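What follows is the content of entry-v5.cif, which has mmCIF, N, CA and C atoms:
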data_coords
#
loop_
_atom_site.group_PDB
_atom_site.id
_atom_site.type_symbol
_atom_site.label_atom_id
_atom_site.label_comp_id
_atom_site.auth_asym_id
_atom_site.auth_seq_id
_atom_site.Cartn_x
_atom_site.Cartn_y
_atom_site.Cartn_z
ATOM 1 N N MET S 1 190.571 -35.052 123.583
ATOM 2 C CA MET S 1 189.182 -34.678 123.604
ATOM 3 C C MET S 1 189.055 -33.407 124.439
ATOM 4 N N ALA S 2 188.499 -32.402 123.880
ATOM 5 C CA ALA S 2 188.320 -31.148 124.593
ATOM 6 C C ALA S 2 187.036 -31.197 125.405
ATOM 7 N N ALA S 3 187.072 -30.577 126.560
ATOM 8 C CA ALA S 3 185.870 -30.494 127.373
ATOM 9 C C ALA S 3 184.772 -29.804 126.570
ATOM 10 N N GLY S 4 183.584 -30.357 126.648
ATOM 11 C CA GLY S 4 182.466 -29.773 125.923
ATOM 12 C C GLY S 4 182.407 -30.179 124.461
ATOM 13 N N ALA S 5 183.273 -31.103 124.037
ATOM 14 C CA ALA S 5 183.251 -31.572 122.651
ATOM 15 C C ALA S 5 181.967 -32.338 122.392
ATOM 16 N N PRO S 6 181.462 -32.326 121.160
ATOM 17 C CA PRO S 6 180.224 -33.040 120.878
ATOM 18 C C PRO S 6 180.373 -34.529 121.146
ATOM 19 N N SER S 7 179.268 -35.142 121.540
ATOM 20 C CA SER S 7 179.258 -36.546 121.888
ATOM 21 C C SER S 7 178.550 -37.357 120.816
ATOM 22 N N ALA S 8 178.874 -38.651 120.764
ATOM 23 C CA ALA S 8 178.252 -39.555 119.799
ATOM 24 C C ALA S 8 176.791 -39.830 120.142
ATOM 25 N N LEU S 9 176.454 -39.803 121.402
ATOM 26 C CA LEU S 9 175.108 -40.133 121.866
ATOM 27 C C LEU S 9 174.725 -39.237 123.039
ATOM 28 N N PRO S 10 173.460 -39.265 123.421
ATOM 29 C CA PRO S 10 173.053 -38.446 124.574
ATOM 30 C C PRO S 10 173.720 -38.874 125.880
ATOM 31 N N TYR S 11 173.980 -40.171 126.054
ATOM 32 C CA TYR S 11 174.647 -40.619 127.271
ATOM 33 C C TYR S 11 175.821 -41.503 126.894
ATOM 34 N N VAL S 12 176.980 -41.111 127.312
ATOM 35 C CA VAL S 12 178.190 -41.906 127.105
ATOM 36 C C VAL S 12 179.060 -41.779 128.349
ATOM 37 N N ALA S 13 180.077 -42.616 128.417
ATOM 38 C CA ALA S 13 181.159 -42.450 129.377
ATOM 39 C C ALA S 13 182.410 -42.211 128.539
ATOM 40 N N TRP S 14 183.429 -41.676 129.139
ATOM 41 C CA TRP S 14 184.641 -41.318 128.409
ATOM 42 C C TRP S 14 185.759 -42.258 128.827
ATOM 43 N N SER S 15 186.499 -42.742 127.849
ATOM 44 C CA SER S 15 187.502 -43.775 128.111
ATOM 45 C C SER S 15 188.828 -43.461 127.445
ATOM 46 N N SER S 16 189.863 -44.084 127.989
ATOM 47 C CA SER S 16 191.171 -44.070 127.356
ATOM 48 C C SER S 16 191.586 -45.510 127.103
ATOM 49 N N ALA S 17 192.354 -45.707 126.045
ATOM 50 C CA ALA S 17 192.889 -47.024 125.715
ATOM 51 C C ALA S 17 194.384 -46.884 125.494
ATOM 52 N N SER S 18 195.141 -47.753 126.141
ATOM 53 C CA SER S 18 196.598 -47.752 126.004
ATOM 54 C C SER S 18 197.054 -49.174 125.713
ATOM 55 N N VAL S 19 198.098 -49.285 124.901
ATOM 56 C CA VAL S 19 198.619 -50.598 124.524
ATOM 57 C C VAL S 19 200.136 -50.583 124.677
ATOM 58 N N ALA S 20 200.657 -51.696 125.199
ATOM 59 C CA ALA S 20 202.108 -51.852 125.324
ATOM 60 C C ALA S 20 202.465 -53.327 125.227
ATOM 61 N N VAL S 21 203.647 -53.603 124.713
ATOM 62 C CA VAL S 21 204.173 -54.963 124.695
ATOM 63 C C VAL S 21 205.148 -55.096 125.865
ATOM 64 N N ILE S 22 204.883 -56.092 126.709
ATOM 65 C CA ILE S 22 205.690 -56.304 127.909
ATOM 66 C C ILE S 22 206.568 -57.533 127.687
ATOM 67 N N PRO S 23 207.894 -57.384 127.733
ATOM 68 C CA PRO S 23 208.768 -58.556 127.618
ATOM 69 C C PRO S 23 208.498 -59.547 128.754
ATOM 70 N N SER S 24 208.591 -60.808 128.457
ATOM 71 C CA SER S 24 208.267 -61.831 129.458
ATOM 72 C C SER S 24 209.109 -61.687 130.727
ATOM 73 N N ALA S 25 210.349 -61.244 130.594
ATOM 74 C CA ALA S 25 211.202 -61.071 131.780
ATOM 75 C C ALA S 25 210.654 -60.000 132.718
ATOM 76 N N ASP S 26 209.955 -59.007 132.170
ATOM 77 C CA ASP S 26 209.401 -57.918 132.979
ATOM 78 C C ASP S 26 207.976 -58.190 133.449
ATOM 79 N N TRP S 27 207.342 -59.247 132.918
ATOM 80 C CA TRP S 27 205.922 -59.475 133.180
ATOM 81 C C TRP S 27 205.590 -59.597 134.671
ATOM 82 N N PRO S 28 206.294 -60.378 135.483
ATOM 83 C CA PRO S 28 205.911 -60.471 136.898
ATOM 84 C C PRO S 28 205.892 -59.110 137.612
ATOM 85 N N LEU S 29 206.904 -58.294 137.371
ATOM 86 C CA LEU S 29 206.961 -56.967 137.991
ATOM 87 C C LEU S 29 205.833 -56.071 137.471
ATOM 88 N N VAL S 30 205.627 -56.074 136.158
ATOM 89 C CA VAL S 30 204.584 -55.229 135.566
ATOM 90 C C VAL S 30 203.206 -55.680 136.030
ATOM 91 N N PHE S 31 202.958 -56.985 136.069
ATOM 92 C CA PHE S 31 201.653 -57.482 136.495
ATOM 93 C C PHE S 31 201.331 -57.041 137.921
ATOM 94 N N GLY S 32 202.281 -57.194 138.827
ATOM 95 C CA GLY S 32 202.063 -56.747 140.207
ATOM 96 C C GLY S 32 201.836 -55.243 140.285
ATOM 97 N N SER S 33 202.563 -54.490 139.498
ATOM 98 C CA SER S 33 202.399 -53.034 139.479
ATOM 99 C C SER S 33 201.057 -52.638 138.889
ATOM 100 N N MET S 34 200.566 -53.415 137.908
ATOM 101 C CA MET S 34 199.243 -53.139 137.329
ATOM 102 C C MET S 34 198.139 -53.338 138.373
ATOM 103 N N GLN S 35 198.287 -54.333 139.222
ATOM 104 C CA GLN S 35 197.291 -54.554 140.275
ATOM 105 C C GLN S 35 197.245 -53.360 141.229
ATOM 106 N N ALA S 36 198.411 -52.865 141.607
ATOM 107 C CA ALA S 36 198.463 -51.688 142.480
ATOM 108 C C ALA S 36 197.923 -50.454 141.756
ATOM 109 N N LEU S 37 198.243 -50.310 140.465
ATOM 110 C CA LEU S 37 197.747 -49.174 139.685
ATOM 111 C C LEU S 37 196.229 -49.170 139.627
ATOM 112 N N LYS S 38 195.624 -50.333 139.424
ATOM 113 C CA LYS S 38 194.163 -50.427 139.366
ATOM 114 C C LYS S 38 193.536 -49.881 140.645
ATOM 115 N N GLY S 39 194.023 -50.325 141.791
ATOM 116 C CA GLY S 39 193.494 -49.838 143.062
ATOM 117 C C GLY S 39 193.685 -48.341 143.230
ATOM 118 N N HIS S 40 194.828 -47.851 142.791
ATOM 119 C CA HIS S 40 195.130 -46.422 142.920
ATOM 120 C C HIS S 40 194.232 -45.580 142.016
ATOM 121 N N VAL S 41 194.173 -45.926 140.731
ATOM 122 C CA VAL S 41 193.430 -45.120 139.757
ATOM 123 C C VAL S 41 191.941 -45.127 140.060
ATOM 124 N N GLN S 42 191.400 -46.244 140.507
ATOM 125 C CA GLN S 42 189.965 -46.320 140.775
ATOM 126 C C GLN S 42 189.539 -45.463 141.962
ATOM 127 N N GLU S 43 190.498 -44.910 142.688
ATOM 128 C CA GLU S 43 190.183 -43.964 143.763
ATOM 129 C C GLU S 43 190.061 -42.531 143.242
ATOM 130 N N TYR S 44 190.469 -42.279 142.000
ATOM 131 C CA TYR S 44 190.376 -40.931 141.433
ATOM 132 C C TYR S 44 188.910 -40.562 141.255
ATOM 133 N N PRO S 45 188.553 -39.304 141.507
ATOM 134 C CA PRO S 45 187.163 -38.876 141.308
ATOM 135 C C PRO S 45 186.712 -39.113 139.866
ATOM 136 N N GLY S 46 185.571 -39.780 139.729
ATOM 137 C CA GLY S 46 184.978 -40.001 138.417
ATOM 138 C C GLY S 46 185.431 -41.250 137.702
ATOM 139 N N CYS S 47 186.412 -41.964 138.245
ATOM 140 C CA CYS S 47 186.864 -43.182 137.585
ATOM 141 C C CYS S 47 185.856 -44.297 137.826
ATOM 142 N N GLN S 48 185.310 -44.829 136.761
ATOM 143 C CA GLN S 48 184.383 -45.952 136.872
ATOM 144 C C GLN S 48 185.136 -47.275 136.955
ATOM 145 N N LYS S 49 186.206 -47.405 136.159
ATOM 146 C CA LYS S 49 186.977 -48.651 136.201
ATOM 147 C C LYS S 49 188.265 -48.532 135.400
ATOM 148 N N LEU S 50 189.173 -49.421 135.727
ATOM 149 C CA LEU S 50 190.385 -49.650 134.950
ATOM 150 C C LEU S 50 190.387 -51.145 134.641
ATOM 151 N N GLU S 51 190.501 -51.475 133.364
ATOM 152 C CA GLU S 51 190.515 -52.877 132.950
ATOM 153 C C GLU S 51 191.745 -53.130 132.090
ATOM 154 N N ALA S 52 192.242 -54.362 132.159
ATOM 155 C CA ALA S 52 193.379 -54.744 131.324
ATOM 156 C C ALA S 52 193.092 -56.095 130.681
ATOM 157 N N PHE S 53 193.489 -56.199 129.430
ATOM 158 C CA PHE S 53 193.363 -57.430 128.677
ATOM 159 C C PHE S 53 194.743 -57.785 128.139
ATOM 160 N N VAL S 54 195.074 -59.071 128.181
ATOM 161 C CA VAL S 54 196.416 -59.506 127.799
ATOM 162 C C VAL S 54 196.322 -60.460 126.615
ATOM 163 N N GLU S 55 197.191 -60.214 125.648
ATOM 164 C CA GLU S 55 197.285 -61.045 124.453
ATOM 165 C C GLU S 55 198.714 -61.574 124.360
ATOM 166 N N PRO S 56 198.925 -62.882 124.577
ATOM 167 C CA PRO S 56 200.284 -63.420 124.439
ATOM 168 C C PRO S 56 200.789 -63.217 123.011
ATOM 169 N N GLN S 57 202.044 -62.779 122.909
ATOM 170 C CA GLN S 57 202.708 -62.605 121.615
ATOM 171 C C GLN S 57 204.065 -63.285 121.703
ATOM 172 N N GLY S 58 204.095 -64.545 121.299
ATOM 173 C CA GLY S 58 205.329 -65.301 121.478
ATOM 174 C C GLY S 58 205.644 -65.362 122.964
ATOM 175 N N PRO S 59 206.869 -65.019 123.337
ATOM 176 C CA PRO S 59 207.207 -65.043 124.768
ATOM 177 C C PRO S 59 206.749 -63.786 125.526
ATOM 178 N N ASP S 60 206.282 -62.786 124.815
ATOM 179 C CA ASP S 60 205.918 -61.505 125.425
ATOM 180 C C ASP S 60 204.406 -61.377 125.580
ATOM 181 N N TYR S 61 203.973 -60.234 126.145
ATOM 182 C CA TYR S 61 202.551 -59.990 126.405
ATOM 183 C C TYR S 61 202.162 -58.609 125.889
ATOM 184 N N ARG S 62 201.148 -58.575 125.066
ATOM 185 C CA ARG S 62 200.586 -57.301 124.595
ATOM 186 C C ARG S 62 199.427 -56.986 125.529
ATOM 187 N N VAL S 63 199.526 -55.853 126.227
ATOM 188 C CA VAL S 63 198.519 -55.455 127.209
ATOM 189 C C VAL S 63 197.706 -54.292 126.656
ATOM 190 N N HIS S 64 196.394 -54.439 126.732
ATOM 191 C CA HIS S 64 195.453 -53.382 126.379
ATOM 192 C C HIS S 64 194.852 -52.905 127.699
ATOM 193 N N CYS S 65 195.059 -51.650 128.033
ATOM 194 C CA CYS S 65 194.590 -51.097 129.307
ATOM 195 C C CYS S 65 193.566 -49.999 129.024
ATOM 196 N N TYR S 66 192.391 -50.111 129.639
ATOM 197 C CA TYR S 66 191.296 -49.162 129.424
ATOM 198 C C TYR S 66 190.883 -48.532 130.749
ATOM 199 N N THR S 67 190.624 -47.240 130.716
ATOM 200 C CA THR S 67 190.001 -46.571 131.863
ATOM 201 C C THR S 67 188.694 -45.949 131.375
ATOM 202 N N THR S 68 187.717 -45.845 132.280
ATOM 203 C CA THR S 68 186.429 -45.251 131.948
ATOM 204 C C THR S 68 186.064 -44.230 133.025
ATOM 205 N N TRP S 69 185.552 -43.068 132.571
ATOM 206 C CA TRP S 69 185.331 -41.911 133.428
ATOM 207 C C TRP S 69 183.929 -41.342 133.261
ATOM 208 N N ASP S 70 183.453 -40.658 134.301
ATOM 209 C CA ASP S 70 182.133 -40.030 134.270
ATOM 210 C C ASP S 70 182.063 -38.847 133.311
ATOM 211 N N THR S 71 183.117 -38.039 133.281
ATOM 212 C CA THR S 71 183.092 -36.821 132.470
ATOM 213 C C THR S 71 184.361 -36.700 131.640
ATOM 214 N N PRO S 72 184.295 -35.968 130.529
ATOM 215 C CA PRO S 72 185.516 -35.767 129.746
ATOM 216 C C PRO S 72 186.559 -34.951 130.493
ATOM 217 N N GLU S 73 186.126 -34.074 131.378
ATOM 218 C CA GLU S 73 187.077 -33.274 132.165
ATOM 219 C C GLU S 73 187.879 -34.153 133.114
ATOM 220 N N GLN S 74 187.233 -35.161 133.716
ATOM 221 C CA GLN S 74 187.946 -36.071 134.616
ATOM 222 C C GLN S 74 188.961 -36.911 133.847
ATOM 223 N N LEU S 75 188.569 -37.381 132.671
ATOM 224 C CA LEU S 75 189.502 -38.138 131.838
ATOM 225 C C LEU S 75 190.685 -37.266 131.427
ATOM 226 N N GLU S 76 190.394 -36.063 131.020
ATOM 227 C CA GLU S 76 191.459 -35.139 130.603
ATOM 228 C C GLU S 76 192.436 -34.869 131.754
ATOM 229 N N ALA S 77 191.902 -34.654 132.963
ATOM 230 C CA ALA S 77 192.760 -34.413 134.128
ATOM 231 C C ALA S 77 193.629 -35.642 134.429
ATOM 232 N N TYR S 78 193.038 -36.819 134.329
ATOM 233 C CA TYR S 78 193.797 -38.057 134.559
ATOM 234 C C TYR S 78 194.948 -38.185 133.554
ATOM 235 N N LEU S 79 194.657 -37.961 132.294
ATOM 236 C CA LEU S 79 195.701 -38.105 131.279
ATOM 237 C C LEU S 79 196.796 -37.050 131.429
ATOM 238 N N GLU S 80 196.431 -35.852 131.859
ATOM 239 C CA GLU S 80 197.425 -34.787 132.023
ATOM 240 C C GLU S 80 198.255 -34.927 133.284
ATOM 241 N N ARG S 81 197.596 -35.324 134.403
ATOM 242 C CA ARG S 81 198.279 -35.260 135.694
ATOM 243 C C ARG S 81 198.269 -36.543 136.508
ATOM 244 N N GLY S 82 197.477 -37.528 136.106
ATOM 245 C CA GLY S 82 197.337 -38.745 136.902
ATOM 246 C C GLY S 82 198.470 -39.734 136.685
ATOM 247 N N TYR S 83 198.462 -40.765 137.519
ATOM 248 C CA TYR S 83 199.452 -41.846 137.372
ATOM 249 C C TYR S 83 198.869 -42.865 136.396
ATOM 250 N N THR S 84 199.200 -42.689 135.133
ATOM 251 C CA THR S 84 198.634 -43.489 134.055
ATOM 252 C C THR S 84 199.404 -44.798 133.871
ATOM 253 N N PHE S 85 198.817 -45.688 133.113
ATOM 254 C CA PHE S 85 199.467 -46.944 132.719
ATOM 255 C C PHE S 85 200.818 -46.655 132.073
ATOM 256 N N GLU S 86 200.855 -45.645 131.200
ATOM 257 C CA GLU S 86 202.104 -45.296 130.514
ATOM 258 C C GLU S 86 203.177 -44.840 131.493
ATOM 259 N N ARG S 87 202.804 -44.004 132.449
ATOM 260 C CA ARG S 87 203.779 -43.520 133.440
ATOM 261 C C ARG S 87 204.275 -44.647 134.329
ATOM 262 N N MET S 88 203.360 -45.543 134.718
ATOM 263 C CA MET S 88 203.747 -46.676 135.549
ATOM 264 C C MET S 88 204.748 -47.566 134.810
ATOM 265 N N LEU S 89 204.506 -47.847 133.530
ATOM 266 C CA LEU S 89 205.419 -48.704 132.778
ATOM 267 C C LEU S 89 206.820 -48.112 132.683
ATOM 268 N N ILE S 90 206.903 -46.820 132.473
ATOM 269 C CA ILE S 90 208.213 -46.167 132.428
ATOM 270 C C ILE S 90 208.907 -46.271 133.783
ATOM 271 N N ASP S 91 208.151 -46.038 134.857
ATOM 272 C CA ASP S 91 208.735 -46.080 136.204
ATOM 273 C C ASP S 91 209.242 -47.465 136.590
ATOM 274 N N VAL S 92 208.449 -48.505 136.333
ATOM 275 C CA VAL S 92 208.819 -49.825 136.851
ATOM 276 C C VAL S 92 209.678 -50.651 135.907
ATOM 277 N N ALA S 93 209.586 -50.411 134.580
ATOM 278 C CA ALA S 93 210.320 -51.285 133.669
ATOM 279 C C ALA S 93 210.923 -50.552 132.468
ATOM 280 N N GLU S 94 210.835 -49.228 132.455
ATOM 281 C CA GLU S 94 211.363 -48.427 131.337
ATOM 282 C C GLU S 94 210.783 -48.874 129.994
ATOM 283 N N ILE S 95 209.483 -49.229 130.010
ATOM 284 C CA ILE S 95 208.772 -49.630 128.801
ATOM 285 C C ILE S 95 207.940 -48.444 128.338
ATOM 286 N N VAL S 96 208.023 -48.140 127.053
ATOM 287 C CA VAL S 96 207.246 -47.041 126.480
ATOM 288 C C VAL S 96 206.023 -47.627 125.779
ATOM 289 N N ALA S 97 204.854 -47.232 126.247
ATOM 290 C CA ALA S 97 203.594 -47.677 125.653
ATOM 291 C C ALA S 97 203.233 -46.777 124.481
ATOM 292 N N ASP S 98 202.313 -47.256 123.650
ATOM 293 C CA ASP S 98 201.743 -46.405 122.608
ATOM 294 C C ASP S 98 201.014 -45.245 123.281
ATOM 295 N N ALA S 99 200.877 -44.146 122.577
ATOM 296 C CA ALA S 99 200.131 -43.003 123.110
ATOM 297 C C ALA S 99 198.684 -43.423 123.376
ATOM 298 N N PRO S 100 198.096 -42.945 124.463
ATOM 299 C CA PRO S 100 196.712 -43.331 124.761
ATOM 300 C C PRO S 100 195.733 -42.773 123.734
ATOM 301 N N ARG S 101 194.701 -43.545 123.480
ATOM 302 C CA ARG S 101 193.607 -43.110 122.604
ATOM 303 C C ARG S 101 192.421 -42.741 123.482
ATOM 304 N N VAL S 102 191.736 -41.681 123.128
ATOM 305 C CA VAL S 102 190.558 -41.228 123.869
ATOM 306 C C VAL S 102 189.325 -41.598 123.060
ATOM 307 N N MET S 103 188.349 -42.203 123.734
ATOM 308 C CA MET S 103 187.144 -42.694 123.071
ATOM 309 C C MET S 103 185.923 -42.437 123.930
ATOM 310 N N GLU S 104 184.754 -42.528 123.305
ATOM 311 C CA GLU S 104 183.491 -42.506 124.030
ATOM 312 C C GLU S 104 183.000 -43.950 124.148
ATOM 313 N N LYS S 105 182.637 -44.335 125.376
ATOM 314 C CA LYS S 105 182.088 -45.665 125.622
ATOM 315 C C LYS S 105 180.575 -45.557 125.521
ATOM 316 N N VAL S 106 179.994 -46.235 124.547
ATOM 317 C CA VAL S 106 178.547 -46.114 124.328
ATOM 318 C C VAL S 106 177.749 -47.218 125.002
ATOM 319 N N PHE S 107 178.339 -48.375 125.222
ATOM 320 C CA PHE S 107 177.713 -49.442 126.019
ATOM 321 C C PHE S 107 178.720 -50.522 126.311
#
Can you turn what I pasted into structure tokens?
Amino acid sequence: MAAGAPSALPYVAWSSASVAVIPSADWPLVFGSMQALKGHVQEYPGCQKLEAFVEPQGPDYRVHCYTTWDTPEQLEAYLERGYTFERMLIDVAEIVADAPRVMEKVF
């Protein structure tokens, strides 16, 4: 999403969505790291929240991780330079997540 891109509505927030499958053997380490990531990312300027949803898939876990931001510029800076869910997964468990999707949060 480019800064200044047209918006769906007069007031929105800007979000990213990331998805990864976490092997059950890595889940305890990843879960603890996700808790630390949440505290870290929510300190970034403009971050409204980081949320994660988990869907069991057999013995593994499919994690959907969302961040929400005040401005598209803050979201863009986070994705380019911040410590993202994707970067954390590579660091702690060498897991490659799907590429993040950028969306407008309307409500």
- Report the residues of range 7-95 of chain S whose backbone DSSP state falls under strand (DSSP E), written as a PyMOL selection string. chain S and resi 13-22+47-57+60-69
- Item | Gap from CA of Phe85 in chain S to CA of Cys65 in chain S - Å, one decimal |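 It comes out at 7.3 Å.
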- Can you list what the PyMOL selection byres (((chain S and resi 77 and name CA) around 12) and name CA) grabs from this structure, as a ChimeraX atom specification? /S:1-3,16,44-47,69,71-76,78-84
With N, CA and C atoms kept, could you save the residues just selected as an mmCIF file, in the frame of the given file?
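Written output follows (selection.cif):
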data_model
loop_
_atom_site.group_PDB
_atom_site.id
_atom_site.type_symbol
_atom_site.label_atom_id
_atom_site.label_comp_id
_atom_site.auth_asym_id
_atom_site.auth_seq_id
_atom_site.Cartn_x
_atom_site.Cartn_y
_atom_site.Cartn_z
ATOM 1 N N MET S 1 190.571 -35.052 123.583
ATOM 2 C CA MET S 1 189.182 -34.678 123.604
ATOM 3 C C MET S 1 189.055 -33.407 124.439
ATOM 4 N N ALA S 2 188.499 -32.402 123.880
ATOM 5 C CA ALA S 2 188.320 -31.148 124.593
ATOM 6 C C ALA S 2 187.036 -31.197 125.405
ATOM 7 N N ALA S 3 187.072 -30.577 126.560
ATOM 8 C CA ALA S 3 185.870 -30.494 127.373
ATOM 9 C C ALA S 3 184.772 -29.804 126.570
ATOM 10 N N SER S 16 189.863 -44.084 127.989
ATOM 11 C CA SER S 16 191.171 -44.070 127.356
ATOM 12 C C SER S 16 191.586 -45.510 127.103
ATOM 13 N N TYR S 44 190.469 -42.279 142.000
ATOM 14 C CA TYR S 44 190.376 -40.931 141.433
ATOM 15 C C TYR S 44 188.910 -40.562 141.255
ATOM 16 N N PRO S 45 188.553 -39.304 141.507
ATOM 17 C CA PRO S 45 187.163 -38.876 141.308
ATOM 18 C C PRO S 45 186.712 -39.113 139.866
ATOM 19 N N GLY S 46 185.571 -39.780 139.729
ATOM 20 C CA GLY S 46 184.978 -40.001 138.417
ATOM 21 C C GLY S 46 185.431 -41.250 137.702
ATOM 22 N N CYS S 47 186.412 -41.964 138.245
ATOM 23 C CA CYS S 47 186.864 -43.182 137.585
ATOM 24 C C CYS S 47 185.856 -44.297 137.826
ATOM 25 N N TRP S 69 185.552 -43.068 132.571
ATOM 26 C CA TRP S 69 185.331 -41.911 133.428
ATOM 27 C C TRP S 69 183.929 -41.342 133.261
ATOM 28 N N THR S 71 183.117 -38.039 133.281
ATOM 29 C CA THR S 71 183.092 -36.821 132.470
ATOM 30 C C THR S 71 184.361 -36.700 131.640
ATOM 31 N N PRO S 72 184.295 -35.968 130.529
ATOM 32 C CA PRO S 72 185.516 -35.767 129.746
ATOM 33 C C PRO S 72 186.559 -34.951 130.493
ATOM 34 N N GLU S 73 186.126 -34.074 131.378
ATOM 35 C CA GLU S 73 187.077 -33.274 132.165
ATOM 36 C C GLU S 73 187.879 -34.153 133.114
ATOM 37 N N GLN S 74 187.233 -35.161 133.716
ATOM 38 C CA GLN S 74 187.946 -36.071 134.616
ATOM 39 C C GLN S 74 188.961 -36.911 133.847
ATOM 40 N N LEU S 75 188.569 -37.381 132.671
ATOM 41 C CA LEU S 75 189.502 -38.138 131.838
ATOM 42 C C LEU S 75 190.685 -37.266 131.427
ATOM 43 N N GLU S 76 190.394 -36.063 131.020
ATOM 44 C CA GLU S 76 191.459 -35.139 130.603
ATOM 45 C C GLU S 76 192.436 -34.869 131.754
ATOM 46 N N TYR S 78 193.038 -36.819 134.329
ATOM 47 C CA TYR S 78 193.797 -38.057 134.559
ATOM 48 C C TYR S 78 194.948 -38.185 133.554
ATOM 49 N N LEU S 79 194.657 -37.961 132.294
ATOM 50 C CA LEU S 79 195.701 -38.105 131.279
ATOM 51 C C LEU S 79 196.796 -37.050 131.429
ATOM 52 N N GLU S 80 196.431 -35.852 131.859
ATOM 53 C CA GLU S 80 197.425 -34.787 132.023
ATOM 54 C C GLU S 80 198.255 -34.927 133.284
ATOM 55 N N ARG S 81 197.596 -35.324 134.403
ATOM 56 C CA ARG S 81 198.279 -35.260 135.694
ATOM 57 C C ARG S 81 198.269 -36.543 136.508
ATOM 58 N N GLY S 82 197.477 -37.528 136.106
ATOM 59 C CA GLY S 82 197.337 -38.745 136.902
ATOM 60 C C GLY S 82 198.470 -39.734 136.685
ATOM 61 N N TYR S 83 198.462 -40.765 137.519
ATOM 62 C CA TYR S 83 199.452 -41.846 137.372
ATOM 63 C C TYR S 83 198.869 -42.865 136.396
ATOM 64 N N THR S 84 199.200 -42.689 135.133
ATOM 65 C CA THR S 84 198.634 -43.489 134.055
ATOM 66 C C THR S 84 199.404 -44.798 133.871
#
- Please indicate the distance in Å from atom N of Val54 in chain S to CA of Asp70 in chain S, rounded to one decimal place.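 For atom N of Val54 in chain S relative to CA of Asp70 in chain S, the distance reads 23.8 Å.
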- Kindly resolve the PyMOL selection byres (((chain S and resi 53 and name CA) around 6) and name CA) on the present coordinates and return the residues as an MDAnalysis selection string. chainID S and resid 52 54 63:64
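Closest approach to Val92 in chain S among S:Ala17, S:Ala25, S:Val12, S:Val30: S:Val30, based on only C-alpha atoms.
For the pair atom C of Lys105 in chain S and CA of Ala13 in chain S, the separation is 5.0 Å.
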- Query: Residues of range 28-93 of chain S in alpha helix (DSSP H) according to DSSP, as an MDAnalysis selection string?
  - Reply: chainID S and resid 28:41 72:81 85:93
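For the residues S:Leu37, S:Gly58, S:Arg87, S:Leu50, ranking by smallest atom-to-atom distance to Ser15 in chain S using only C-alpha atoms places S:Leu50 first.
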- Query: Taking into account only N, CA and C atoms, which residue in the set S:Trp14, S:Glu43, S:Glu51, S:Ala93 is nearest to Asp26 in chain S?
  - Reply: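 Selected residue with least distance to Asp26 in chain S: S:Ala93.
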- Name all residues at most 6.5 Å from range 96-101 of chain S (count only N, CA and C atoms; drop same-chain ones fewer than 6 positions away) and give them as a ChimeraX atom specification. /S:15-21,86,89-90
Write the residues you've just listed into a file as a compact mmCIF listing (two decimals), keeping the file's coordinate frame, and include N, CA and C atoms for each of them.
# COMPACT_ATOMS: atom_id res chain seq x y z
N SER S 15 186.50 -42.74 127.85
CA SER S 15 187.50 -43.78 128.11
C SER S 15 188.83 -43.46 127.44
N SER S 16 189.86 -44.08 127.99
CA SER S 16 191.17 -44.07 127.36
C SER S 16 191.59 -45.51 127.10
N ALA S 17 192.35 -45.71 126.04
CA ALA S 17 192.89 -47.02 125.72
C ALA S 17 194.38 -46.88 125.49
N SER S 18 195.14 -47.75 126.14
CA SER S 18 196.60 -47.75 126.00
C SER S 18 197.05 -49.17 125.71
N VAL S 19 198.10 -49.28 124.90
CA VAL S 19 198.62 -50.60 124.52
C VAL S 19 200.14 -50.58 124.68
N ALA S 20 200.66 -51.70 125.20
CA ALA S 20 202.11 -51.85 125.32
C ALA S 20 202.46 -53.33 125.23
N VAL S 21 203.65 -53.60 124.71
CA VAL S 21 204.17 -54.96 124.70
C VAL S 21 205.15 -55.10 125.86
N GLU S 86 200.86 -45.64 131.20
CA GLU S 86 202.10 -45.30 130.51
C GLU S 86 203.18 -44.84 131.49
N LEU S 89 204.51 -47.85 133.53
CA LEU S 89 205.42 -48.70 132.78
C LEU S 89 206.82 -48.11 132.68
N ILE S 90 206.90 -46.82 132.47
CA ILE S 90 208.21 -46.17 132.43
C ILE S 90 208.91 -46.27 133.78
- Item | Counting only C-alpha atoms, the option among S:Leu29, S:Ile95, S:Ile22, S:Met103 closest to Thr67 in chain S | S:Met103
Take every atom of range 30-45 of chain S listed in the file, fit an axis-aligned box around them, add 3 Å per side, and give the centre and edge lengths in Å to one decimal as lines of an AutoDock Vina configuration file.
center_x = 196.2
center_y = -48.2
center_z = 139.7
size_x = 24.9
size_y = 24.6
size_z = 14.2
- S:Glu55, S:Met88, S:Gln48, S:Tyr66: which is nearest Ser33 in chain S, counting all atoms listed in the file?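 Closest candidate: S:Met88.
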